[in-house]
file final09.pdb (PDB, C-alpha atoms)
ATOM      1  CA  MET A   1      -9.198  -3.369  21.161
ATOM      2  CA  ALA A   2      -9.248  -4.574  17.579
ATOM      3  CA  GLY A   3     -10.634  -2.169  14.962
ATOM      4  CA  GLY A   4     -13.416  -4.561  14.008
ATOM      5  CA  SER A   5     -14.531  -5.368  17.552
ATOM      6  CA  PRO A   6     -17.632  -3.497  18.633
ATOM      7  CA  ARG A   7     -17.378  -1.244  21.662
ATOM      8  CA  LYS A   8     -19.909  -1.725  24.463
ATOM      9  CA  ASP A   9     -21.909   1.344  23.526
ATOM     10  CA  GLU A  10     -21.347   1.161  19.754
ATOM     11  CA  SER A  11     -23.975   0.155  17.216
ATOM     12  CA  GLU A  12     -23.136  -1.724  14.032
ATOM     13  CA  ALA A  13     -23.514   1.493  12.008
ATOM     14  CA  GLU A  14     -21.196   3.352  14.405
ATOM     15  CA  ARG A  15     -18.639   0.539  14.160
ATOM     16  CA  LEU A  16     -18.717   0.724  10.363
ATOM     17  CA  ASP A  17     -18.334   4.506  10.481
ATOM     18  CA  ARG A  18     -15.370   4.176  12.868
ATOM     19  CA  ASN A  19     -13.722   1.456  10.774
ATOM     20  CA  LEU A  20     -14.154   3.499   7.597
ATOM     21  CA  SER A  21     -12.767   6.599   9.308
ATOM     22  CA  GLU A  22      -9.716   4.657  10.555
ATOM     23  CA  LEU A  23      -9.117   3.218   7.107
ATOM     24  CA  LEU A  24      -9.363   6.638   5.471
ATOM     25  CA  GLN A  25      -6.820   8.017   7.948
ATOM     26  CA  GLU A  26      -4.441   5.187   7.060
ATOM     27  CA  LEU A  27      -4.904   5.835   3.343
ATOM     28  CA  ARG A  28      -4.122   9.514   3.954
ATOM     29  CA  VAL A  29      -0.704   8.375   5.173
ATOM     30  CA  ALA A  30       0.017   5.978   2.295
ATOM     31  CA  LEU A  31      -1.356   7.898  -0.677
ATOM     32  CA  PRO A  32       1.062  10.866  -0.565
ATOM     33  CA  GLY A  33       3.972   8.409  -0.704
ATOM     34  CA  VAL A  34       2.495   6.843  -3.820
ATOM     35  CA  GLN A  35       1.940  10.261  -5.366
ATOM     36  CA  VAL A  36       5.519  11.398  -4.719
ATOM     37  CA  LEU A  37       6.984   8.152  -6.081
ATOM     38  CA  PHE A  38       4.711   8.296  -9.134
ATOM     39  CA  ALA A  39       5.677  11.918  -9.832
ATOM     40  CA  PHE A  40       9.354  11.012  -9.546
ATOM     41  CA  LEU A  41       8.914   8.085 -11.928
ATOM     42  CA  LEU A  42       6.986  10.170 -14.436
ATOM     43  CA  ALA A  43       9.783  12.762 -14.502
ATOM     44  CA  VAL A  44      12.670  10.290 -14.861
ATOM     45  CA  PRO A  45      12.318   9.573 -18.622
ATOM     46  CA  PHE A  46      12.663  13.273 -19.355
ATOM     47  CA  GLN A  47      16.093  13.457 -17.721
ATOM     48  CA  GLN A  48      19.035  13.812 -20.048
ATOM     49  CA  ASN A  49      20.769  10.508 -19.238
ATOM     50  CA  PHE A  50      17.646   8.323 -19.295
ATOM     51  CA  THR A  51      18.513   7.105 -22.801
ATOM     52  CA  LYS A  52      21.757   5.623 -21.432
ATOM     53  CA  ILE A  53      20.124   3.131 -19.061
ATOM     54  CA  THR A  54      20.724  -0.590 -19.395
ATOM     55  CA  PRO A  55      18.015  -3.048 -20.449
ATOM     56  CA  PHE A  56      17.775  -4.217 -16.809
ATOM     57  CA  GLN A  57      17.269  -0.640 -15.604
ATOM     58  CA  GLU A  58      14.679  -0.057 -18.307
ATOM     59  CA  LYS A  59      12.681  -3.105 -17.188
ATOM     60  CA  ALA A  60      13.090  -2.226 -13.497
ATOM     61  CA  TYR A  61      11.853   1.285 -14.224
ATOM     62  CA  PHE A  62       8.811   0.087 -16.162
ATOM     63  CA  VAL A  63       7.790  -2.530 -13.571
ATOM     64  CA  THR A  64       8.233   0.044 -10.796
ATOM     65  CA  LEU A  65       6.114   2.556 -12.704
ATOM     66  CA  LEU A  66       3.332  -0.013 -13.209
ATOM     67  CA  LEU A  67       3.421  -1.121  -9.553
ATOM     68  CA  THR A  68       3.200   2.492  -8.428
ATOM     69  CA  ALA A  69       0.226   3.112 -10.705
ATOM     70  CA  LEU A  70      -1.446  -0.070  -9.463
ATOM     71  CA  SER A  71      -0.922   0.920  -5.831
ATOM     72  CA  ALA A  72      -2.544   4.298  -6.576
ATOM     73  CA  VAL A  73      -5.482   2.529  -8.227
ATOM     74  CA  LEU A  74      -5.913   0.225  -5.228
ATOM     75  CA  PHE A  75      -5.689   3.051  -2.677
ATOM     76  CA  ILE A  76      -8.111   5.311  -4.567
ATOM     77  CA  SER A  77     -10.621   2.560  -5.457
ATOM     78  CA  PRO A  78     -12.550   2.795  -2.162
ATOM     79  CA  SER A  79     -13.408   6.418  -3.000
ATOM     80  CA  ALA A  80     -14.742   5.423  -6.410
ATOM     81  CA  TYR A  81     -16.645   2.502  -4.896
ATOM     82  CA  HIS A  82     -18.176   4.778  -2.285
ATOM     83  CA  ARG A  83     -19.221   7.355  -4.880
ATOM     84  CA  MET A  84     -20.744   4.726  -7.164
ATOM     85  CA  THR A  85     -22.708   3.082  -4.317
ATOM     86  CA  PHE A  86     -23.568   6.247  -2.387
ATOM     87  CA  ARG A  87     -26.877   6.025  -0.484
ATOM     88  CA  MET A  88     -27.270   2.372  -1.345
ATOM     89  CA  GLN A  89     -26.462   1.087   2.185
ATOM     90  CA  GLN A  90     -23.198  -0.534   1.051
ATOM     91  CA  LYS A  91     -20.915   0.666   3.867
ATOM     92  CA  ASP A  92     -20.333  -2.848   5.225
ATOM     93  CA  GLU A  93     -19.204  -4.040   1.790
ATOM     94  CA  LEU A  94     -17.175  -0.852   1.313
ATOM     95  CA  VAL A  95     -15.264  -1.336   4.572
ATOM     96  CA  PHE A  96     -14.603  -5.006   3.797
ATOM     97  CA  LEU A  97     -13.471  -4.326   0.214
ATOM     98  CA  ALA A  98     -11.468  -1.203   1.116
ATOM     99  CA  ASN A  99      -9.540  -3.202   3.702
ATOM    100  CA  LYS A 100      -8.568  -5.794   1.077
ATOM    101  CA  LEU A 101      -7.684  -3.094  -1.450
ATOM    102  CA  ALA A 102      -5.529  -1.251   1.096
ATOM    103  CA  ILE A 103      -3.601  -4.423   1.950
ATOM    104  CA  ALA A 104      -3.030  -5.141  -1.754
ATOM    105  CA  GLY A 105      -2.090  -1.491  -2.321
ATOM    106  CA  LEU A 106       0.505  -1.669   0.441
ATOM    107  CA  GLY A 107       1.964  -4.776  -1.185
ATOM    108  CA  CYS A 108       2.236  -3.022  -4.544
ATOM    109  CA  LEU A 109       3.698   0.051  -2.867
ATOM    110  CA  ALA A 110       6.307  -2.067  -1.068
ATOM    111  CA  LEU A 111       7.290  -3.675  -4.369
ATOM    112  CA  ALA A 112       7.329  -0.305  -6.142
ATOM    113  CA  MET A 113       9.514   1.277  -3.472
ATOM    114  CA  THR A 114      11.824  -1.730  -3.632
ATOM    115  CA  GLY A 115      11.923  -1.316  -7.411
ATOM    116  CA  ALA A 116      12.857   2.349  -7.084
ATOM    117  CA  ILE A 117      15.614   1.449  -4.632
ATOM    118  CA  VAL A 118      16.865  -1.275  -6.985
ATOM    119  CA  LEU A 119      16.847   1.088  -9.953
ATOM    120  CA  ILE A 120      18.727   3.859  -8.160
ATOM    121  CA  THR A 121      21.215   1.449  -6.569
ATOM    122  CA  ASP A 122      21.945  -0.161  -9.932
ATOM    123  CA  VAL A 123      22.594   3.239 -11.533
ATOM    124  CA  LEU A 124      24.872   4.324  -8.687
ATOM    125  CA  PHE A 125      26.693   1.179  -7.571
ATOM    126  CA  GLY A 126      26.152  -1.760  -9.922
ATOM    127  CA  PRO A 127      24.756  -5.289  -9.725
ATOM    128  CA  LEU A 128      26.126  -6.627  -6.416
ATOM    129  CA  ALA A 129      24.993  -3.636  -4.373
ATOM    130  CA  THR A 130      21.680  -3.752  -6.221
ATOM    131  CA  ILE A 131      21.002  -7.339  -5.191
ATOM    132  CA  VAL A 132      21.949  -6.739  -1.547
ATOM    133  CA  THR A 133      20.088  -3.449  -1.249
ATOM    134  CA  GLY A 134      17.009  -4.682  -3.093
ATOM    135  CA  ALA A 135      16.771  -7.853  -1.010
ATOM    136  CA  THR A 136      17.278  -5.880   2.202
ATOM    137  CA  ALA A 137      14.641  -3.311   1.258
ATOM    138  CA  LEU A 138      12.118  -6.009   0.384
ATOM    139  CA  LEU A 139      12.868  -7.859   3.618
ATOM    140  CA  VAL A 140      12.317  -4.682   5.662
ATOM    141  CA  PHE A 141       8.958  -4.042   3.965
ATOM    142  CA  VAL A 142       7.845  -7.641   4.467
ATOM    143  CA  LEU A 143       8.920  -7.617   8.113
ATOM    144  CA  PHE A 144       7.365  -4.319   9.146
ATOM    145  CA  TRP A 145       4.332  -4.128   6.875
ATOM    146  CA  TYR A 146       3.273  -7.804   6.920
ATOM    147  CA  ALA A 147       5.134 -10.161   9.273
ATOM    148  CA  LEU A 148       4.975  -7.977  12.376
ATOM    149  CA  PRO A 149       1.251  -7.191  12.128
ATOM    150  CA  LEU A 150       0.415 -10.767  11.103
ATOM    151  CA  GLN A 151       2.392 -12.152  14.017
ATOM    152  CA  ARG A 152       0.438  -9.901  16.376
ATOM    153  CA  ARG A 153      -2.869 -10.787  14.736
ATOM    154  CA  LEU A 154      -2.177 -14.504  15.028
ATOM    155  CA  SER A 155      -1.053 -14.167  18.652
ATOM    156  CA  LEU A 156      -4.364 -12.503  19.531
ATOM    157  CA  LYS A 157      -6.334 -15.450  18.161
ATOM    158  CA  THR A 158      -4.681 -18.028  20.433
ATOM    159  CA  PRO A 159      -6.859 -19.199  23.341
ATOM    160  CA  GLU A 160      -4.082 -18.616  25.929
ATOM    161  CA  ARG A 161      -4.264 -14.829  25.550
ATOM    162  CA  PRO A 162      -6.744 -12.941  27.750
TER
END

call {"tool": "encode", "arguments": {"input": "final09.pdb", "output": "structure tokens"}}
result
Amino acid sequence: MAGGSPRKDESEAERLDRNLSELLQELRVALPGVQVLFAFLLAVPFQQNFTKITPFQEKAYFVTLLLTALSAVLFISPSAYHRMTFRMQQKDELVFLANKLAIAGLGCLALAMTGAIVLITDVLFGPLATIVTGATALLVFVLFWYALPLQRRLSLKTPERP
């Protein structure tokens, strides 16, 4: 059963509570990854050899840092929204918005993780390995985090399926 489909014995309020609970569980999986990556990125400039990075590595680092921060903002935003609209009967809007924010946050996280892989690969192995590894990492994120679920979602909307 799809997360948004009501169960036989489930009211609209119960469905919203269930959807919000499921979303929060998913965010509990993603947010620690963002936090670890962000902590790593915040510590990198204080390493001894950071001043020896190339201009490409400097830009890759900065973009990765910003994408990681943005993913954290997107993942944490539903909590702020909920606090600011508490007791104002906004759960339907919260669930709808939080879903969009989580999808955008996953996109930023995928790009940030790809950026971290690119940065580390460039430091260790150089440009050719960086291009191959970065493209492969991005492809894996796109396949597993977007294409696979979208393919399933689209297949469920076809009239031939029971």

call {"tool": "resolve_selection", "arguments": {"input": "final09.pdb", "expression": "the PyMOL selection byres ((chain A and resi 20-31) around 8)", "output": "ChimeraX atom specification"}}
result
/A:16-19,32-35,72,75,95,98-99,102,106

call {"tool": "atom_distance", "arguments": {"input": "final09.pdb", "atom1": "atom CA of Arg15 of chain A", "atom2": "atom CA of Gly105 of chain A"}}
result
23.4 Å

call {"tool": "resolve_selection", "arguments": {"input": "final09.pdb", "expression": "the PyMOL selection byres ((chain A and resi 91) around 9)", "output": "PyMOL selection string"}}
result
chain A and resi 13+16-17+20+82+85-86+88-90+92-96

call {"tool": "atom_distance", "arguments": {"input": "final09.pdb", "atom1": "atom CA of Ala110 of chain A", "atom2": "atom CA of Gln48 of chain A"}}
result
27.8 Å

call {"tool": "closest_residue", "arguments": {"input": "final09.pdb", "among": "A:Ala129, A:Leu101, A:Ile117, A:Phe56", "to": "Leu74 of chain A", "atoms": "all atoms listed in the file"}}
result
A:Leu101
